[in-house]
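Next comes data_30.cif, with mmCIF, C-alpha atoms and all ligand atoms.
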```cif
data_target
#
loop_
_atom_site.label_atom_id
_atom_site.label_comp_id
_atom_site.auth_asym_id
_atom_site.auth_seq_id
_atom_site.Cartn_x
_atom_site.Cartn_y
_atom_site.Cartn_z
CA MET A 69 -29.89 16.25 12.90
CA ILE A 70 -30.28 19.60 11.20
CA SER A 71 -32.01 20.14 7.84
CA GLU A 72 -29.88 21.09 4.82
CA LYS A 73 -31.78 24.33 4.50
CA MET A 74 -31.12 25.31 8.12
CA GLU A 75 -27.47 24.27 7.86
CA LYS A 76 -26.99 26.43 4.76
CA ALA A 77 -28.65 29.42 6.42
CA LEU A 78 -26.49 29.04 9.55
CA ASN A 79 -23.38 28.88 7.37
CA GLU A 80 -24.45 32.14 5.76
CA GLN A 81 -24.75 33.60 9.26
CA ILE A 82 -21.23 32.37 10.03
CA ALA A 83 -20.04 34.40 7.03
CA MET A 84 -21.95 37.47 8.19
CA GLU A 85 -20.51 37.30 11.72
CA GLY A 86 -17.00 36.77 10.34
CA HIS A 87 -17.43 39.76 8.04
CA SER A 88 -18.60 41.89 10.98
CA SER A 89 -15.52 40.84 12.93
CA PHE A 90 -13.21 42.02 10.13
CA VAL A 91 -15.15 45.27 9.63
CA TYR A 92 -14.71 46.06 13.34
CA LEU A 93 -11.05 45.13 13.25
CA SER A 94 -10.55 47.47 10.29
CA ILE A 95 -12.38 50.26 12.13
CA ALA A 96 -10.21 49.65 15.21
CA SER A 97 -7.12 50.08 13.05
CA TRP A 98 -8.48 53.35 11.59
CA CYS A 99 -9.23 54.62 15.13
CA ASP A 100 -5.70 53.70 16.19
CA LYS A 101 -4.27 55.65 13.22
CA GLU A 102 -6.40 58.66 14.16
CA GLY A 103 -5.31 58.54 17.82
CA LEU A 104 -8.77 57.51 19.07
CA ASP A 105 -7.52 55.05 21.67
CA GLY A 106 -10.83 54.43 23.46
CA CYS A 107 -12.61 53.74 20.15
CA ASN A 108 -9.75 51.50 19.05
CA GLN A 109 -10.20 49.37 22.18
CA PHE A 110 -13.99 49.44 21.84
CA PHE A 111 -13.89 48.10 18.26
CA ARG A 112 -11.19 45.53 19.06
CA ARG A 113 -13.55 44.14 21.70
CA GLN A 114 -16.43 44.20 19.21
CA ALA A 115 -14.27 42.35 16.66
CA ASP A 116 -13.56 39.65 19.26
CA GLU A 117 -17.26 39.43 20.13
CA GLU A 118 -18.23 38.93 16.48
CA ARG A 119 -15.61 36.22 16.13
CA PHE A 120 -17.13 34.56 19.19
CA HIS A 121 -20.60 34.81 17.58
CA MET A 122 -19.20 33.12 14.47
CA LEU A 123 -17.54 30.30 16.44
CA LYS A 124 -20.64 29.72 18.54
CA ILE A 125 -22.53 28.77 15.36
CA PHE A 126 -19.56 26.65 14.26
CA ASP A 127 -19.79 24.64 17.49
CA TYR A 128 -23.57 24.41 17.33
CA LEU A 129 -23.48 22.96 13.81
CA SER A 130 -21.04 20.33 14.99
CA GLU A 131 -23.34 19.41 17.90
CA VAL A 132 -26.32 18.86 15.57
CA ASP A 133 -24.34 16.84 12.99
CA GLY A 134 -24.09 19.72 10.58
CA PHE A 135 -21.03 20.91 8.70
CA ALA A 136 -19.64 24.37 9.46
CA LYS A 137 -17.80 26.01 6.58
CA VAL A 138 -15.07 28.63 6.87
CA PRO A 139 -16.24 31.67 4.86
CA ALA A 140 -14.18 33.58 2.30
CA ILE A 141 -12.65 36.79 3.59
CA GLU A 142 -14.26 39.72 1.79
CA GLN A 143 -12.43 43.00 1.43
CA VAL A 144 -13.60 45.48 4.06
CA PRO A 145 -13.35 49.30 3.94
CA HIS A 146 -10.20 50.93 5.33
CA GLU A 147 -11.02 54.61 5.22
CA TYR A 148 -13.68 56.56 7.11
CA ASN A 149 -14.51 60.26 7.41
CA SER A 150 -15.36 60.51 11.08
CA ILE A 151 -16.15 58.52 14.20
CA GLN A 152 -19.79 59.68 13.92
CA GLU A 153 -19.96 58.17 10.43
CA ILE A 154 -18.49 54.94 11.81
CA PHE A 155 -21.12 54.61 14.53
CA LYS A 156 -23.92 55.29 12.02
CA LEU A 157 -22.51 52.61 9.69
CA THR A 158 -22.02 50.09 12.48
CA LEU A 159 -25.54 50.63 13.82
CA GLU A 160 -26.81 49.90 10.29
CA GLN A 161 -24.61 46.80 10.17
CA GLU A 162 -26.02 45.58 13.49
CA ARG A 163 -29.58 46.18 12.24
CA LYS A 164 -28.83 44.01 9.19
CA VAL A 165 -27.53 41.26 11.47
CA THR A 166 -30.67 41.50 13.61
CA SER A 167 -32.81 41.15 10.49
CA SER A 168 -30.79 38.11 9.43
CA ILE A 169 -31.17 36.51 12.88
CA ASN A 170 -34.93 37.14 12.72
CA ASP A 171 -35.03 35.38 9.32
CA LEU A 172 -33.19 32.42 10.87
CA VAL A 173 -35.70 32.21 13.72
CA ARG A 174 -38.55 32.22 11.18
CA LEU A 175 -36.84 29.48 9.17
CA SER A 176 -36.29 27.36 12.30
CA LEU A 177 -40.02 27.54 12.99
CA ASP A 178 -40.87 26.66 9.37
CA GLU A 179 -38.56 23.64 9.70
CA ASN A 180 -40.05 22.58 13.06
CA ASP A 181 -36.52 22.87 14.41
CA TYR A 182 -37.12 23.99 17.99
CA THR A 183 -33.57 23.15 19.07
CA THR A 184 -32.18 25.69 16.63
CA LYS A 185 -34.89 28.18 17.56
CA ASN A 186 -33.81 27.82 21.18
CA PHE A 187 -30.15 28.26 20.20
CA LEU A 188 -30.97 31.42 18.22
CA GLU A 189 -32.68 33.10 21.14
CA TRP A 190 -29.25 33.94 22.57
CA TYR A 191 -28.55 35.88 19.35
CA VAL A 192 -31.88 37.70 19.52
CA ALA A 193 -30.97 38.99 23.01
CA GLU A 194 -27.40 39.76 21.95
CA GLN A 195 -28.55 41.83 18.97
CA HIS A 196 -30.91 43.83 21.15
CA GLU A 197 -28.00 44.55 23.49
CA GLU A 198 -25.67 45.56 20.65
CA GLU A 199 -28.17 47.82 18.90
CA THR A 200 -28.87 49.53 22.24
CA LEU A 201 -25.13 49.98 22.84
CA PHE A 202 -24.42 51.50 19.41
CA LYS A 203 -27.46 53.80 19.67
CA SER A 204 -26.37 55.00 23.10
CA VAL A 205 -22.89 55.85 21.75
CA LEU A 206 -24.41 57.79 18.85
FE1 LIG B 301 -22.88 39.20 15.87
FE2 LIG B 301 -23.47 41.97 16.30
O1 LIG B 301 -23.57 40.67 15.11
#
```
Turn the structure described in the file into structure tokens.
Ligand code: FEO
Amino acid sequence: MISEKMEKALNEQIAMEGHSSFVYLSIASWCDKEGLDGCNQFFRRQADEERFHMLKIFDYLSEVDGFAKVPAIEQVPHEYNSIQEIFKLTLEQERKVTSSINDLVRLSLDENDYTTKNFLEWYVAEQHEEETLFKSVL
């Protein structure tokens, strides 16, 4: 059984991962329009990964008798100036996600919720991998 506080925070993370997925899908579309085929494929894969991150929390909440909520779709940007700008923006986005995951880990410890802490460790490793990937592209 998960605490209400932890459930709410994980639902906020669901929204953040869903938003990331749509941002990357929008970037993929911009890359496609600009003829950047490799970048288009790269961001399509990232969009799928973020959707997977979102659904993984969905499934976890179900396992611990929580209630996963489908987030509202926020408008995402459609226009960019360059691929360099995109990779700077997406690295910043990933850093925000990392910070949010770190906050969740802290909350899980405050709540004595070691099951959720254990679940979140996958995200800690994933964020390290993604930040490293985006930095290496830049
Ligand atoms: Fe799932 Fe890269 O944030």
Legend entry - Contact residues around A:Phe135 with only C-alpha atoms at 10 Å, ignoring same-chain residues under 4 positions, as a ChimeraX atom specification: /A:70,72,75-76,78-79,126-131
Inset, instruction - Write out as a list in words which residues come within 9 Å of A:Lys185 when counting all atoms listed in the file, dropping same-chain ones fewer than 2 positions away. - result: Leu172, Val173, Arg174, Leu175, Ser176, Leu177, Asn180, Asp181, Tyr182, Thr183, Phe187, Leu188 and Glu189 of chain A
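Note that atom CA of A:Val132 and atom CA of A:Val165 are 22.8 Å apart.
Taking all atoms listed in the file into account, A:Leu123 lies nearest to A:Glu85 out of the set A:Glu85, A:Glu194, A:Asp105, A:Glu142.
Note that the spacing between atom CA of A:Tyr92 and atom CA of A:Arg112 amounts to 6.7 Å.
Nearest residue to ligand LIG 301 (chain B), choosing from A:Ala96, A:Met74, A:Ala140, A:Ile82 and counting all atoms listed in the file: A:Ile82.
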Please identify every residue of chain A that has at least one atom no farther than 9 Å from an atom of ligand LIG 301 (chain B), counting all atoms listed in the file, and for each give the shortest atom pair and the distance in Å to one decimal, arranged by chain then increasing number, as a tab-separated table.
```
residue	atom	partner	partner_atom	distance
A:Gln81	CA	B:LIG301	FE1	8.9
A:Met84	CA	B:LIG301	O1	7.8
A:Glu85	CA	B:LIG301	FE1	5.1
A:Gly86	CA	B:LIG301	FE1	8.4
A:Ser88	CA	B:LIG301	O1	6.6
A:Ser89	CA	B:LIG301	FE1	8.1
A:Gln114	CA	B:LIG301	FE2	7.9
A:Glu117	CA	B:LIG301	FE1	7.1
A:Glu118	CA	B:LIG301	FE1	4.7
A:Arg119	CA	B:LIG301	FE1	7.9
A:Phe120	CA	B:LIG301	FE1	8.1
A:His121	CA	B:LIG301	FE1	5.2
A:Met122	CA	B:LIG301	FE1	7.2
A:Gln161	CA	B:LIG301	FE2	7.9
A:Glu162	CA	B:LIG301	FE2	5.2
A:Arg163	CA	B:LIG301	FE2	8.5
A:Lys164	CA	B:LIG301	O1	8.6
A:Val165	CA	B:LIG301	O1	5.4
A:Thr166	CA	B:LIG301	O1	7.3
A:Ile169	CA	B:LIG301	O1	8.9
A:Tyr191	CA	B:LIG301	FE1	7.4
A:Glu194	CA	B:LIG301	FE2	7.2
A:Gln195	CA	B:LIG301	FE2	5.7
A:Glu197	CA	B:LIG301	FE2	8.9
A:Glu198	CA	B:LIG301	FE2	6.1
A:Glu199	CA	B:LIG301	FE2	7.9
```
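Atom CA of A:Asn108 is positioned 17.5 Å from atom CA of A:Ser204.
Of the residues under consideration (A:Leu206, A:Ala193, A:Leu104, A:Val91), A:Leu206 shows the shortest atom-to-atom contact distance to A:Gln152 when counting all atoms listed in the file.
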Inset, instruction - With a distance cut-off of 9 Å and only C-alpha atoms, select the neighbouring residues of A:Phe111, excluding the residue or stretch itself and same-chain residues fewer than 2 positions from it, and output the selection as JSON, numbers by chain. - result: {"A": [92, 93, 94, 95, 96, 97, 99, 106, 107, 108, 109, 113, 114, 115, 116]}
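Shortest atom-to-atom contact with A:Ile154 among A:Asn186, A:His196, A:Val205, A:Ala83: A:Val205, counting only C-alpha atoms.
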Inset, instruction - Can you work out which one of A:Val144, A:Ile125, A:Ile151, A:Ala77 has the shortest atom-to-atom distance to A:Glu102, counting all atoms listed in the file? - result: A:Ile151
